[in-house]
$ cat work-v8.cif   # mmCIF, C-alpha atoms
data_coords
loop_
_atom_site.group_PDB
_atom_site.id
_atom_site.type_symbol
_atom_site.label_atom_id
_atom_site.label_comp_id
_atom_site.auth_asym_id
_atom_site.auth_seq_id
_atom_site.Cartn_x
_atom_site.Cartn_y
_atom_site.Cartn_z
ATOM 1 C CA MET N 208 42.784 -17.500 98.048
ATOM 2 C CA LYS N 209 39.153 -16.330 98.310
ATOM 3 C CA GLN N 210 40.055 -13.061 96.585
ATOM 4 C CA ARG N 211 41.842 -14.900 93.769
ATOM 5 C CA ILE N 212 38.815 -17.114 93.150
ATOM 6 C CA VAL N 213 36.476 -14.123 93.002
ATOM 7 C CA LEU N 214 38.715 -12.385 90.501
ATOM 8 C CA VAL N 215 39.109 -15.433 88.329
ATOM 9 C CA VAL N 216 35.401 -15.925 87.907
ATOM 10 C CA ALA N 217 34.826 -12.896 85.984
ATOM 11 C CA THR N 218 35.694 -15.184 83.157
ATOM 12 C CA LEU N 219 32.540 -15.386 81.650
ATOM 13 C CA ALA N 220 33.091 -11.814 81.412
ATOM 14 C CA LEU N 221 33.476 -7.644 81.717
ATOM 15 C CA ALA N 222 32.146 -6.924 80.090
ATOM 16 C CA CYS N 223 34.682 -7.073 82.195
ATOM 17 C CA GLY N 224 31.965 -5.164 80.826
ATOM 18 C CA LEU N 225 33.798 -6.179 83.105
ATOM 19 C CA MET N 226 34.416 -8.948 84.930
ATOM 20 C CA LEU N 227 36.090 -11.323 86.205
ATOM 21 C CA GLY N 228 37.042 -12.461 88.318
ATOM 22 C CA THR N 229 33.783 -13.279 89.480
ATOM 23 C CA MET N 230 31.944 -15.180 87.844
ATOM 24 C CA GLY N 231 32.838 -16.124 90.905
ATOM 25 C CA THR N 232 31.870 -18.661 93.102
ATOM 26 C CA ALA N 233 29.800 -20.675 90.713
ATOM 27 C CA MET N 234 32.343 -20.729 87.951
ATOM 28 C CA ALA N 235 35.734 -20.244 89.514
ATOM 29 C CA ASP N 236 36.685 -23.855 89.079
ATOM 30 C CA GLU N 237 35.466 -24.234 85.503
ATOM 31 C CA SER N 238 38.944 -24.320 84.019
ATOM 32 C CA THR N 239 42.223 -22.465 84.032
ATOM 33 C CA GLU N 240 40.843 -20.042 81.462
ATOM 34 C CA CYS N 241 39.659 -16.566 82.224
ATOM 35 C CA ARG N 242 37.831 -13.978 80.192
ATOM 36 C CA GLY N 243 38.202 -11.078 82.590
ATOM 37 C CA LEU N 244 41.141 -9.898 84.658
ATOM 38 C CA PHE N 245 42.565 -7.212 86.902
ATOM 39 C CA ALA N 246 46.095 -5.880 86.425
ATOM 40 C CA THR N 247 48.453 -2.914 86.733
ATOM 41 C CA VAL N 248 49.571 -1.085 83.581
ATOM 42 C CA ASP N 249 53.318 -1.262 82.976
ATOM 43 C CA ASN N 250 53.492 0.356 79.542
ATOM 44 C CA VAL N 251 51.130 1.715 76.868
ATOM 45 C CA THR N 252 51.727 1.927 73.120
ATOM 46 C CA ILE N 253 48.432 2.855 71.472
ATOM 47 C CA ASP N 254 47.959 5.251 68.560
ATOM 48 C CA GLU N 255 45.223 7.861 68.156
ATOM 49 C CA ASN N 256 43.003 5.296 66.392
ATOM 50 C CA GLY N 257 43.110 2.892 69.306
ATOM 51 C CA PHE N 258 45.485 0.294 67.863
ATOM 52 C CA GLY N 259 48.392 -0.950 69.944
ATOM 53 C CA THR N 260 49.342 -2.795 73.117
ATOM 54 C CA ILE N 261 49.140 -2.413 76.879
ATOM 55 C CA GLY N 262 51.782 -4.178 78.972
ATOM 56 C CA LEU N 263 50.396 -5.577 82.231
ATOM 57 C CA VAL N 264 51.938 -6.701 85.517
ATOM 58 C CA ASN N 265 50.399 -8.070 88.718
ATOM 59 C CA VAL N 266 47.794 -9.841 86.614
ATOM 60 C CA LYS N 267 44.927 -11.509 88.471
ATOM 61 C CA CYS N 268 43.563 -14.097 86.091
ATOM 62 C CA VAL N 269 45.160 -17.519 85.691
ATOM 63 C CA GLU N 270 47.420 -18.904 88.398
ATOM 64 C CA GLY N 271 51.039 -18.555 87.323
ATOM 65 C CA VAL N 272 50.353 -15.693 84.882
ATOM 66 C CA ASP N 273 51.731 -12.455 86.353
ATOM 67 C CA THR N 274 52.555 -10.470 83.206
ATOM 68 C CA MET N 275 50.732 -10.114 79.903
ATOM 69 C CA THR N 276 50.642 -8.009 76.742
ATOM 70 C CA LEU N 277 47.129 -6.852 75.971
ATOM 71 C CA ILE N 278 46.137 -6.133 72.366
ATOM 72 C CA ALA N 279 43.834 -3.162 71.698
ATOM 73 C CA ASP N 280 42.085 -2.250 68.446
ATOM 74 C CA ASN N 281 39.409 0.131 67.221
ATOM 75 C CA GLU N 282 36.679 -2.057 68.731
ATOM 76 C CA THR N 283 38.122 -1.925 72.250
ATOM 77 C CA LEU N 284 36.016 0.257 74.569
ATOM 78 C CA TYR N 285 37.200 2.171 77.642
ATOM 79 C CA HIS N 286 35.683 3.631 80.778
ATOM 80 C CA ILE N 287 36.987 6.036 83.415
ATOM 81 C CA PRO N 288 34.660 6.624 86.405
ATOM 82 C CA THR N 289 32.760 9.960 86.270
ATOM 83 C CA LEU N 290 33.010 10.083 82.449
ATOM 84 C CA PRO N 291 30.500 8.549 79.994
ATOM 85 C CA PRO N 292 31.115 4.777 79.897
ATOM 86 C CA TRP N 293 32.384 2.547 77.123
ATOM 87 C CA GLN N 294 33.846 4.858 74.551
ATOM 88 C CA SER N 295 36.499 4.383 71.899
ATOM 89 C CA TRP N 296 40.078 5.468 72.606
ATOM 90 C CA ALA N 297 39.666 8.576 70.432
ATOM 91 C CA ASP N 298 36.317 9.630 71.936
ATOM 92 C CA LEU N 299 37.453 9.189 75.530
ATOM 93 C CA SER N 300 40.690 11.063 74.767
ATOM 94 C CA ALA N 301 38.561 13.933 73.472
ATOM 95 C CA ASP N 302 36.501 13.906 76.694
ATOM 96 C CA LEU N 303 39.659 14.023 78.801
ATOM 97 C CA ALA N 304 40.896 17.041 76.845
ATOM 98 C CA ALA N 305 37.582 18.830 77.403
ATOM 99 C CA VAL N 306 37.199 18.401 81.181
ATOM 100 C CA ASP N 307 39.172 19.352 84.264
ATOM 101 C CA GLY N 308 40.153 17.054 87.095
ATOM 102 C CA PHE N 309 42.234 14.413 85.325
ATOM 103 C CA ASP N 310 46.024 14.387 85.252
ATOM 104 C CA ARG N 311 46.138 12.444 82.000
ATOM 105 C CA THR N 312 45.630 12.979 78.290
ATOM 106 C CA GLN N 313 44.846 9.387 77.312
ATOM 107 C CA PRO N 314 42.423 6.778 78.650
ATOM 108 C CA VAL N 315 45.047 4.401 80.053
ATOM 109 C CA VAL N 316 48.411 5.428 81.511
ATOM 110 C CA VAL N 317 51.299 3.662 83.243
ATOM 111 C CA GLY N 318 50.452 2.810 86.840
ATOM 112 C CA ASP N 319 46.685 2.479 86.311
ATOM 113 C CA ARG N 320 44.909 -0.415 87.945
ATOM 114 C CA ILE N 321 42.466 -1.730 85.344
ATOM 115 C CA ALA N 322 39.728 -4.326 84.937
ATOM 116 C CA VAL N 323 39.643 -5.959 81.513
ATOM 117 C CA SER N 324 37.137 -8.048 79.577
ATOM 118 C CA LEU N 325 38.772 -10.160 76.868
ATOM 119 C CA VAL N 326 37.242 -10.913 73.479
ATOM 120 C CA GLU N 327 38.016 -14.606 74.009
ATOM 121 C CA PRO N 328 39.035 -16.580 77.121
ATOM 122 C CA TYR N 329 42.751 -16.235 77.809
ATOM 123 C CA ALA N 330 45.003 -18.825 76.163
ATOM 124 C CA PRO N 331 48.830 -18.596 76.386
ATOM 125 C CA SER N 332 49.196 -19.516 72.718
ATOM 126 C CA GLU N 333 46.913 -16.739 71.460
ATOM 127 C CA ASP N 334 46.822 -12.935 71.615
ATOM 128 C CA ALA N 335 44.890 -11.482 74.540
ATOM 129 C CA VAL N 336 42.577 -8.967 72.815
ATOM 130 C CA ALA N 337 40.733 -6.465 74.995
ATOM 131 C CA SER N 338 37.004 -5.997 74.528
ATOM 132 C CA LYS N 339 36.535 -3.517 77.392
ATOM 133 C CA VAL N 340 38.952 -1.765 79.728
ATOM 134 C CA MET N 341 37.877 0.011 82.915
ATOM 135 C CA VAL N 342 40.290 2.214 84.854
ATOM 136 C CA ILE N 343 39.906 1.820 88.610
ATOM 137 C CA LEU N 344 40.519 5.201 90.237
ATOM 138 C CA PRO N 345 41.603 4.845 93.889
ATOM 139 C CA GLY N 346 38.989 6.027 96.328
ATOM 140 C CA LYS N 347 36.410 6.750 93.650
ATOM 141 C CA LYS N 348 34.282 3.632 93.453
ATOM 142 C CA MET N 349 33.820 0.236 95.002
ATOM 143 C CA HIS N 350 33.461 -2.616 92.523
ATOM 144 C CA ARG N 351 31.932 -6.023 93.053
ATOM 145 C CA HIS N 352 31.034 -9.004 90.913
ATOM 146 C CA GLN N 353 27.780 -10.396 92.251
ATOM 147 C CA LEU N 354 26.271 -13.738 91.303
ATOM 148 C CA GLY N 355 22.514 -13.959 91.561
ATOM 149 C CA VAL N 356 19.131 -14.464 89.952
ATOM 150 C CA VAL N 357 17.259 -11.429 88.673
ATOM 151 C CA ALA N 358 13.892 -11.619 90.415
ATOM 152 C CA LYS N 359 12.241 -8.382 89.305
ATOM 153 C CA VAL N 360 12.916 -5.385 87.071
ATOM 154 C CA GLN N 361 11.138 -2.067 87.544
ATOM 155 C CA GLY N 362 12.306 0.793 85.345
ATOM 156 C CA ASP N 363 16.048 1.161 85.901
ATOM 157 C CA THR N 364 16.070 -0.928 89.092
ATOM 158 C CA ALA N 365 16.501 -4.688 89.471
ATOM 159 C CA THR N 366 15.934 -6.877 92.512
ATOM 160 C CA VAL N 367 18.493 -9.690 92.626
ATOM 161 C CA VAL N 368 18.637 -12.821 94.778
ATOM 162 C CA GLY N 369 22.173 -13.707 95.873
ATOM 163 C CA LYS N 370 23.572 -17.215 96.090
ATOM 164 C CA ASN N 371 22.812 -17.369 99.830
ATOM 165 C CA GLY N 372 19.207 -16.294 99.359
ATOM 166 C CA GLU N 373 19.845 -12.665 100.286
ATOM 167 C CA GLN N 374 18.254 -9.835 98.295
ATOM 168 C CA PHE N 375 19.959 -6.749 96.948
ATOM 169 C CA THR N 376 18.877 -3.940 94.662
ATOM 170 C CA VAL N 377 20.903 -2.494 91.813
ATOM 171 C CA THR N 378 20.338 0.507 89.593
ATOM 172 C CA LEU N 379 20.855 -0.398 85.937
ATOM 173 C CA ARG N 380 22.993 1.901 83.858
ATOM 174 C CA ASN N 381 21.362 3.371 80.766
ATOM 175 C CA GLY N 382 21.147 0.780 78.009
ATOM 176 C CA LEU N 383 21.742 -2.253 80.255
ATOM 177 C CA ASP N 384 18.944 -4.786 79.852
ATOM 178 C CA VAL N 385 18.457 -7.717 82.212
ATOM 179 C CA GLU N 386 15.686 -10.293 82.200
ATOM 180 C CA PRO N 387 13.898 -11.718 85.262
ATOM 181 C CA GLY N 388 14.438 -15.400 85.909
ATOM 182 C CA ARG N 389 18.082 -15.492 84.760
ATOM 183 C CA LEU N 390 21.206 -16.506 86.679
ATOM 184 C CA MET N 391 23.677 -13.682 86.088
ATOM 185 C CA VAL N 392 26.948 -12.160 87.167
ATOM 186 C CA MET N 393 26.491 -8.413 87.642
ATOM 187 C CA VAL N 394 29.464 -6.068 87.662
ATOM 188 C CA THR N 395 28.434 -3.379 90.118
ATOM 189 C CA SER N 396 29.987 -0.192 91.441
ATOM 190 C CA ARG N 397 29.105 2.595 93.831
ATOM 191 C CA PHE N 398 30.627 5.719 95.238
ATOM 192 C CA SER N 399 31.589 5.531 98.898
ATOM 193 C CA ASN N 400 28.707 7.816 99.915
ATOM 194 C CA GLU N 401 26.049 5.790 98.098
ATOM 195 C CA VAL N 402 23.907 3.019 99.527
ATOM 196 C CA HIS N 403 22.759 1.137 96.418
ATOM 197 C CA PHE N 404 24.981 -0.492 93.863
ATOM 198 C CA ARG N 405 24.818 0.406 90.198
ATOM 199 C CA ALA N 406 25.109 -2.378 87.628
ATOM 200 C CA MET N 407 27.631 -1.491 84.921
ATOM 201 C CA ALA N 408 27.503 -4.853 83.125
ATOM 202 C CA ALA N 409 25.598 -8.120 83.387
ATOM 203 C CA HIS N 410 26.412 -11.549 82.024
ATOM 204 C CA GLN N 411 24.111 -14.529 81.903
ATOM 205 C CA VAL N 412 25.805 -17.580 83.312
ATOM 206 C CA GLY N 413 23.925 -19.446 80.584
ATOM 207 C CA GLN N 414 26.247 -17.740 78.098
ATOM 208 C CA LEU N 415 28.902 -20.172 79.284
ATOM 209 C CA MET N 416 26.949 -22.896 77.514
ATOM 210 C CA GLU N 417 27.379 -21.027 74.245
ATOM 211 C CA ARG N 418 31.119 -21.141 74.827
ATOM 212 C CA PHE N 419 30.986 -24.907 75.280
ATOM 213 C CA GLN N 420 29.057 -25.158 72.026
ATOM 214 C CA ARG N 421 31.852 -23.296 70.235
ATOM 215 C CA HIS N 422 34.432 -25.652 71.759
ATOM 216 C CA MET N 423 32.420 -28.640 70.615
ATOM 217 C CA ASN N 424 32.101 -27.303 67.076
ATOM 218 C CA LYS N 425 35.850 -26.703 66.949
ATOM 219 C CA ALA N 426 36.710 -30.196 68.221
ATOM 220 C CA SER N 427 38.873 -32.072 65.738
ATOM 221 C CA ASN N 428 39.032 -35.395 67.599
ATOM 222 C CA GLN N 429 37.194 -37.410 70.225
ATOM 223 C CA GLY N 430 39.513 -36.254 73.008
ATOM 224 C CA GLU N 431 38.719 -32.579 72.413
ATOM 225 C CA LEU N 432 34.984 -33.287 72.282
ATOM 226 C CA ASP N 433 35.143 -35.328 75.488
ATOM 227 C CA GLU N 434 37.064 -32.550 77.217
ATOM 228 C CA ALA N 435 34.485 -29.922 76.233
ATOM 229 C CA ASN N 436 31.706 -32.265 77.323
ATOM 230 C CA GLY N 437 33.414 -32.837 80.679
ATOM 231 C CA PHE N 438 33.563 -29.104 81.372
ATOM 232 C CA LEU N 439 29.930 -28.796 80.258
ATOM 233 C CA GLU N 440 28.754 -31.476 82.703
ATOM 234 C CA GLN N 441 30.735 -29.947 85.585
ATOM 235 C CA ALA N 442 29.426 -26.450 84.896
ATOM 236 C CA HIS N 443 25.823 -27.609 84.597
ATOM 237 C CA GLU N 444 25.992 -29.565 87.846
ATOM 238 C CA ARG N 445 27.579 -26.626 89.655
ATOM 239 C CA HIS N 446 25.019 -24.126 88.393
ATOM 240 C CA MET N 447 22.075 -26.366 89.264
ATOM 241 C CA ASN N 448 23.466 -26.958 92.760
ATOM 242 C CA VAL N 449 23.773 -23.206 93.310
ATOM 243 C CA LEU N 450 20.222 -22.615 92.100
ATOM 244 C CA GLU N 451 18.747 -25.463 94.145
ATOM 245 C CA ARG N 452 20.393 -24.185 97.340
ATOM 246 C CA MET N 453 19.131 -20.708 96.547
ATOM 247 C CA GLN N 454 15.582 -21.913 95.971
ATOM 248 C CA ASN N 455 15.547 -24.066 99.114
ATOM 249 C CA LYS N 456 16.619 -21.130 101.289
ATOM 250 C CA LEU N 457 13.937 -18.903 99.801
ATOM 251 C CA GLN N 458 11.260 -21.539 100.325
ATOM 252 C CA ASP N 459 12.358 -21.958 103.938
ATOM 253 C CA GLN N 460 11.859 -18.184 104.300
ATOM 254 C CA ASN N 461 8.418 -18.378 102.621
ATOM 255 C CA GLN N 462 9.689 -16.142 99.805
ATOM 256 C CA GLU N 463 7.604 -17.898 97.193
ATOM 257 C CA GLN N 464 7.781 -15.199 94.492
ATOM 258 C CA LEU N 465 11.558 -15.065 94.704
ATOM 259 C CA ALA N 466 11.736 -18.862 94.753
ATOM 260 C CA ALA N 467 9.631 -18.890 91.582
ATOM 261 C CA ALA N 468 12.133 -16.571 89.855
ATOM 262 C CA VAL N 469 14.913 -18.979 90.793
ATOM 263 C CA GLY N 470 12.787 -21.784 89.363
ATOM 264 C CA GLN N 471 12.687 -19.891 86.054
ATOM 265 C CA ALA N 472 16.462 -19.617 86.142
ATOM 266 C CA MET N 473 16.708 -23.380 86.689
ATOM 267 C CA ASP N 474 14.459 -24.026 83.681
ATOM 268 C CA HIS N 475 16.573 -21.694 81.542
ATOM 269 C CA GLU N 476 19.790 -23.358 82.681
ATOM 270 C CA GLN N 477 18.341 -26.750 81.844
ATOM 271 C CA SER N 478 17.241 -25.526 78.407
ATOM 272 C CA CYS N 479 20.729 -24.181 77.621
ATOM 273 C CA TYR N 480 22.264 -27.448 78.773
ATOM 274 C CA GLN N 481 19.927 -29.511 76.583
ATOM 275 C CA GLU N 482 20.951 -27.461 73.533
ATOM 276 C CA CYS N 483 24.570 -28.411 74.223
ATOM 277 C CA VAL N 484 23.606 -32.076 74.654
ATOM 278 C CA GLN N 485 21.785 -32.025 71.306
ATOM 279 C CA LEU N 486 24.807 -30.475 69.612
ATOM 280 C CA ARG N 487 27.068 -33.131 71.133
ATOM 281 C CA GLU N 488 24.807 -35.886 69.796
ATOM 282 C CA GLN N 489 24.748 -34.270 66.339
ATOM 283 C CA ILE N 490 28.538 -34.177 66.273
ATOM 284 C CA GLN N 491 28.771 -37.817 67.359
ATOM 285 C CA ASN N 492 26.339 -38.811 64.611
ATOM 286 C CA GLN N 493 28.418 -36.937 62.023
ATOM 287 C CA VAL N 494 31.556 -38.686 63.250
ATOM 288 C CA ARG N 495 29.905 -42.106 63.053
ATOM 289 C CA GLU N 496 28.842 -41.393 59.470
ATOM 290 C CA SER N 497 31.988 -39.815 58.046
ATOM 291 C CA GLY N 498 34.701 -39.874 60.700
ATOM 292 C CA TRP N 499 36.492 -36.881 62.154
ATOM 293 C CA ASP N 500 38.307 -36.051 58.916
ATOM 294 C CA GLY N 501 35.057 -36.064 56.975
ATOM 295 C CA ARG N 502 33.345 -33.935 59.566
ATOM 296 C CA GLN N 503 36.125 -31.335 59.492
ATOM 297 C CA GLU N 504 35.900 -31.168 55.706
ATOM 298 C CA SER N 505 32.140 -30.674 56.003
ATOM 299 C CA GLN N 506 32.623 -27.914 58.571
ATOM 300 C CA SER N 507 35.181 -26.191 56.336
ATOM 301 C CA GLY N 508 32.726 -26.296 53.456
ATOM 302 C CA LYS N 509 30.073 -24.561 55.582
ATOM 303 C CA ASN N 510 32.526 -21.800 56.446
#

$ encode --input "work-v8.cif" --output "structure tokens"
Amino acid sequence: MKQRIVLVVATLALACGLMLGTMGTAMADESTECRGLFATVDNVTIDENGFGTIGLVNVKCVEGVDTMTLIADNETLYHIPTLPPWQSWADLSADLAAVDGFDRTQPVVVGDRIAVSLVEPYAPSEDAVASKVMVILPGKKMHRHQLGVVAKVQGDTATVVGKNGEQFTVTLRNGLDVEPGRLMVMVTSRFSNEVHFRAMAAHQVGQLMERFQRHMNKASNQGELDEANGFLEQAHERHMNVLERMQNKLQDQNQEQLAAAVGQAMDHEQSCYQECVQLREQIQNQVRESGWDGRQESQSGKN
């Protein structure tokens, strides 16, 4: 059960880059949706331009969903450990043809275990479109999704405070920017002979609030708005509880600088939450003035 929860939380994410699963602990109970998943490849039908489908089995995402057809397009990015990360299907295929050591000619093959970041949270009624796909090579790397507050960034290294007040250091991959004072889920990996983790992707938990804003804007009746608001309130309470526990543990340990970074994360979380509250009030005012039908017509006109 613990493993399933960790996998499901990478919803906010892969960014997978990749995720999911994780967004673990703090967000596992948000809803039955997921934005990141792990699965085994059952079949692959993708052309040289990257368009096609990937059939999945043994899916770790939403309870009760064991199989899925993944849609890929020319914006889907792929990564195989030891090769340059996040390339198109065509570019990664070219890399595979140019190097030795891989018994494959395409980025994803039948039998691969993969981590996937979806463009949008999974919904049974909609296509599951892949944003990023990472192939997990057995014995090559260890992957973790780690929830924490970024306390300090120096060059390509970040110091992160975990949810239990512990500290860990990650090396940031080239091009990955993280900001101190933010609650984040970091997708990390390391080779078995390495000590420090390397962050391959990072997702601000505050980004979840942006998702709630989209749900609110799409609401076509009071029930849908209330549902989005309910998830918003639950998520905000959960995040603040995590941050408060984190800060209290650091203060008990006299780690005032780290506690201050967590305080910044709390302020940022509160700011994101207040933006959602303001949007909710704006929508309610629009409904009072013109009703739901009038609001939807107004929204259509803006689009």

$ residues_around --input "work-v8.cif" --residues "stretch 462-466 of chain N" --least-positions-apart "6" --cutoff "10 Å" --atoms "all atoms listed in the file" --output "compact mmCIF listing (two decimals) with C-alpha atoms, keeping the file's coordinate frame"
# COMPACT_ATOMS: atom_id res chain seq x y z
CA VAL N 356 19.13 -14.46 89.95
CA VAL N 357 17.26 -11.43 88.67
CA ALA N 358 13.89 -11.62 90.42
CA LYS N 359 12.24 -8.38 89.30
CA THR N 366 15.93 -6.88 92.51
CA VAL N 367 18.49 -9.69 92.63
CA VAL N 368 18.64 -12.82 94.78
CA GLY N 372 19.21 -16.29 99.36
CA GLN N 374 18.25 -9.84 98.30
CA GLY N 388 14.44 -15.40 85.91
CA LEU N 450 20.22 -22.62 92.10
CA GLU N 451 18.75 -25.46 94.14
CA MET N 453 19.13 -20.71 96.55
CA GLN N 454 15.58 -21.91 95.97
CA ASN N 455 15.55 -24.07 99.11
CA LYS N 456 16.62 -21.13 101.29
CA ALA N 472 16.46 -19.62 86.14

$ atom_distance --input "work-v8.cif" --atom1 "atom CA of N:Thr276" --atom2 "atom CA of N:Gly257"
15.2 Å

$ atom_distance --input "work-v8.cif" --atom1 "atom CA of N:Thr312" --atom2 "atom CA of N:Asp298"
11.8 Å

$ closest_residue --input "work-v8.cif" --among "N:Glu270, N:Glu444, N:Glu327, N:Asp302" --to "N:His422" --atoms "only C-alpha atoms"
N:Glu327

$ residues_around --input "work-v8.cif" --residues "N:Gln503" --least-positions-apart "5" --cutoff "9 Å" --atoms "all atoms listed in the file" --output "PyMOL selection string"
chain N and resi 425-427+498+508

$ atom_distance --input "work-v8.cif" --atom1 "atom CA of N:Val306" --atom2 "atom CA of N:Arg320"
21.4 Å

$ closest_residue --input "work-v8.cif" --among "N:Val360, N:Ala408, N:Val326, N:Leu432" --to "N:Gly382" --atoms "all atoms listed in the file"
N:Ala408

$ residues_around --input "work-v8.cif" --residues "N:Leu277" --least-positions-apart "4" --cutoff "6 Å" --atoms "only C-alpha atoms" --output "count of residues only"
4

$ resolve_selection --input "work-v8.cif" --expression "the PyMOL selection byres ((chain N and resi 392) around 7)" --output "ChimeraX atom specification"
/N:230,352-355,391,393-394,409-412

$ resolve_selection --input "work-v8.cif" --expression "the PyMOL selection byres ((chain N and resi 284) around 12)" --output "ChimeraX atom specification"
/N:221-225,256-258,279-283,285-287,291-300,314-315,322-326,336-342

$ decode --input "work-v8.cif" --residues "stretch 245-252 of chain N" --atoms "all heavy atoms" --output "PDB file, in the first residue's frame"
ATOM      1  N   PHE N 245       3.866   4.628 -13.548  1.00  0.00           N
ATOM      2  CA  PHE N 245       4.839   3.618 -13.915  1.00  0.00           C
ATOM      3  C   PHE N 245       4.089   2.467 -14.575  1.00  0.00           C
ATOM      4  O   PHE N 245       2.959   2.155 -14.183  1.00  0.00           O
ATOM      5  CB  PHE N 245       5.589   3.109 -12.685  1.00  0.00           C
ATOM      6  CG  PHE N 245       6.503   4.122 -12.064  1.00  0.00           C
ATOM      7  CD1 PHE N 245       6.028   4.999 -11.099  1.00  0.00           C
ATOM      8  CD2 PHE N 245       7.834   4.200 -12.427  1.00  0.00           C
ATOM      9  CE1 PHE N 245       6.859   5.939 -10.514  1.00  0.00           C
ATOM     10  CE2 PHE N 245       8.679   5.143 -11.854  1.00  0.00           C
ATOM     11  CZ  PHE N 245       8.189   6.008 -10.896  1.00  0.00           C
ATOM     12  N   ALA N 246       4.690   1.828 -15.562  1.00  0.00           N
ATOM     13  CA  ALA N 246       4.009   0.743 -16.262  1.00  0.00           C
ATOM     14  C   ALA N 246       5.012  -0.075 -17.065  1.00  0.00           C
ATOM     15  O   ALA N 246       6.172   0.309 -17.235  1.00  0.00           O
ATOM     16  CB  ALA N 246       2.931   1.301 -17.197  1.00  0.00           C
ATOM     17  N   THR N 247       4.538  -1.225 -17.561  1.00  0.00           N
ATOM     18  CA  THR N 247       5.331  -2.076 -18.444  1.00  0.00           C
ATOM     19  C   THR N 247       4.774  -1.963 -19.857  1.00  0.00           C
ATOM     20  O   THR N 247       3.553  -1.976 -20.055  1.00  0.00           O
ATOM     21  CB  THR N 247       5.271  -3.544 -17.981  1.00  0.00           C
ATOM     22  OG1 THR N 247       5.796  -3.631 -16.651  1.00  0.00           O
ATOM     23  CG2 THR N 247       6.096  -4.443 -18.896  1.00  0.00           C
ATOM     24  N   VAL N 248       5.665  -1.864 -20.840  1.00  0.00           N
ATOM     25  CA  VAL N 248       5.242  -1.697 -22.236  1.00  0.00           C
ATOM     26  C   VAL N 248       4.807  -3.036 -22.811  1.00  0.00           C
ATOM     27  O   VAL N 248       5.553  -4.018 -22.778  1.00  0.00           O
ATOM     28  CB  VAL N 248       6.389  -1.100 -23.078  1.00  0.00           C
ATOM     29  CG1 VAL N 248       5.978  -0.996 -24.548  1.00  0.00           C
ATOM     30  CG2 VAL N 248       6.782   0.267 -22.533  1.00  0.00           C
ATOM     31  N   ASP N 249       3.590  -3.055 -23.359  1.00  0.00           N
ATOM     32  CA  ASP N 249       3.046  -4.272 -23.963  1.00  0.00           C
ATOM     33  C   ASP N 249       3.152  -4.246 -25.480  1.00  0.00           C
ATOM     34  O   ASP N 249       3.343  -5.282 -26.120  1.00  0.00           O
ATOM     35  CB  ASP N 249       1.577  -4.432 -23.547  1.00  0.00           C
ATOM     36  CG  ASP N 249       0.962  -5.715 -24.075  1.00  0.00           C
ATOM     37  OD1 ASP N 249       1.456  -6.794 -23.707  1.00  0.00           O
ATOM     38  OD2 ASP N 249      -0.015  -5.629 -24.855  1.00  0.00           O
ATOM     39  N   ASN N 250       3.026  -3.067 -26.070  1.00  0.00           N
ATOM     40  CA  ASN N 250       3.166  -2.937 -27.520  1.00  0.00           C
ATOM     41  C   ASN N 250       3.506  -1.487 -27.859  1.00  0.00           C
ATOM     42  O   ASN N 250       3.183  -0.575 -27.095  1.00  0.00           O
ATOM     43  CB  ASN N 250       1.894  -3.391 -28.264  1.00  0.00           C
ATOM     44  CG  ASN N 250       0.674  -2.598 -27.849  1.00  0.00           C
ATOM     45  OD1 ASN N 250       0.462  -1.473 -28.307  1.00  0.00           O
ATOM     46  ND2 ASN N 250      -0.138  -3.156 -26.956  1.00  0.00           N
ATOM     47  N   VAL N 251       4.171  -1.282 -29.000  1.00  0.00           N
ATOM     48  CA  VAL N 251       4.577   0.048 -29.437  1.00  0.00           C
ATOM     49  C   VAL N 251       4.261   0.217 -30.917  1.00  0.00           C
ATOM     50  O   VAL N 251       4.664  -0.610 -31.740  1.00  0.00           O
ATOM     51  CB  VAL N 251       6.091   0.288 -29.224  1.00  0.00           C
ATOM     52  CG1 VAL N 251       6.479   1.703 -29.655  1.00  0.00           C
ATOM     53  CG2 VAL N 251       6.476   0.046 -27.779  1.00  0.00           C
ATOM     54  N   THR N 252       3.535   1.267 -31.246  1.00  0.00           N
ATOM     55  CA  THR N 252       3.251   1.597 -32.645  1.00  0.00           C
ATOM     56  C   THR N 252       3.487   3.090 -32.830  1.00  0.00           C
ATOM     57  O   THR N 252       2.577   3.910 -32.741  1.00  0.00           O
ATOM     58  CB  THR N 252       1.800   1.246 -33.022  1.00  0.00           C
ATOM     59  OG1 THR N 252       1.527  -0.105 -32.674  1.00  0.00           O
ATOM     60  CG2 THR N 252       1.579   1.422 -34.519  1.00  0.00           C
TER      61      THR N 252
END
